[in-house]
Protein chains: 2
Amino acid sequence: MLNQDPSLDLMFQALADPTRRSMVERLSRGPASVSELAKPLPISLPAVVQHLQVLEQSGLVRSEKVGRVRTCTLDSGALSLAEQWINDRRTQWVRRLDRLGDFLAANPEDDGERS
Amino acid sequence: MLNQDPSLDLMFQALADPTRRSMVERLSRGPASVSELAKPLPISLPAVVQHLQVLEQSGLVRSEKVGRVRTCTLDSGALSLAEQWINDRRTQWVRRLDRLGDFLAANPEDDGERS
């Protein structure tokens, strides 16, 4: 069941932090070294590395060390998965909007025992 | 700056839990009372209410009490906001994919001091 997909837990958790979203935003403009990622951020390099680990564990970001430079890249496939989950729910909701209208029309007030 | 939008923090945080995603999934098929939401879930009603509060604080779900029944509905606008944030990043990434190709072609190996 997709709702139980632990990778979605990790992805949405990763995106729930503004620093990590800034890093994803930066990486959406192209790969970056860890220090390039850290440069605009008002936090220490070790803190950036911790955030990067959360992003890597979620699958949203991959990194590879070549020589002394660790280069980080966004995984657009993982990003798609998170986007698709939301899109599926939203699309389903929009499709059912007519039924919602019917429901509300049929239940203008409800002070019964249905709970 | 959209990355700093605290509502995105709350929305992605809300979506990072499989129980809450199940509730959003259920609500994407139409409004539901709290007990309808709780029925398929293997957790207590108070736990469901707590998850519902997280969803409401994030803006993804609204609820209204009419008589004795609290009816929950999905806010597709809020869902759109979260989806749009991911979509913007992914689209940007895809647009820059050519530049990424250029970058990788120009940097097949890098053992320099750039860190």
# chains A, B, ... in the order shown; residues from 1 in each chain; ligands from 1
call {"tool": "interface_residues", "arguments": {"of": "chain A", "to": "chain B", "cutoff": "8 Å", "atoms": "only C-alpha atoms", "output": "ChimeraX atom specification"}}
result
/A:3-6,8-13,15-19,21-22,24-25,27-31,33-36,66-70,74,76,79-80,82-83,86-87,89-90,92-94,96-97,99-100,109-115
call {"tool": "select_by_dssp", "arguments": {"residues": "stretch 19-64 of chain B", "states": "strand (DSSP E)", "output": "JSON, numbers by chain"}}
result
{"B": [32, 33, 61, 62, 63, 64]}
call {"tool": "write_last_selection", "arguments": {"atoms": "N, CA and C atoms", "output": "CSV table (one decimal), in the first residue's frame"}}
result
chain,number,residue,atom,x,y,z
B,32,ALA,N,-15.6,13.0,5.2
B,32,ALA,CA,-15.8,11.9,6.1
B,32,ALA,C,-15.9,12.4,7.5
B,33,SER,N,-16.7,11.7,8.3
B,33,SER,CA,-16.8,12.0,9.7
B,33,SER,C,-15.5,11.5,10.4
B,61,VAL,N,-6.4,19.7,5.7
B,61,VAL,CA,-7.8,19.2,6.0
B,61,VAL,C,-8.5,20.3,6.8
B,62,ARG,N,-9.8,20.4,6.5
B,62,ARG,CA,-10.6,21.3,7.3
B,62,ARG,C,-11.7,20.4,7.9
B,63,SER,N,-12.2,20.8,9.1
B,63,SER,CA,-13.3,20.1,9.6
B,63,SER,C,-14.4,21.0,10.2
B,64,GLU,N,-15.6,20.6,10.1
B,64,GLU,CA,-16.7,21.4,10.6
B,64,GLU,C,-17.7,20.5,11.4
call {"tool": "select_by_dssp", "arguments": {"residues": "chain B", "states": "alpha helix (DSSP H)", "output": "number ranges by chain"}}
result
B: 6-15, 18-28, 34-38, 45-58, 76-95, 97-106
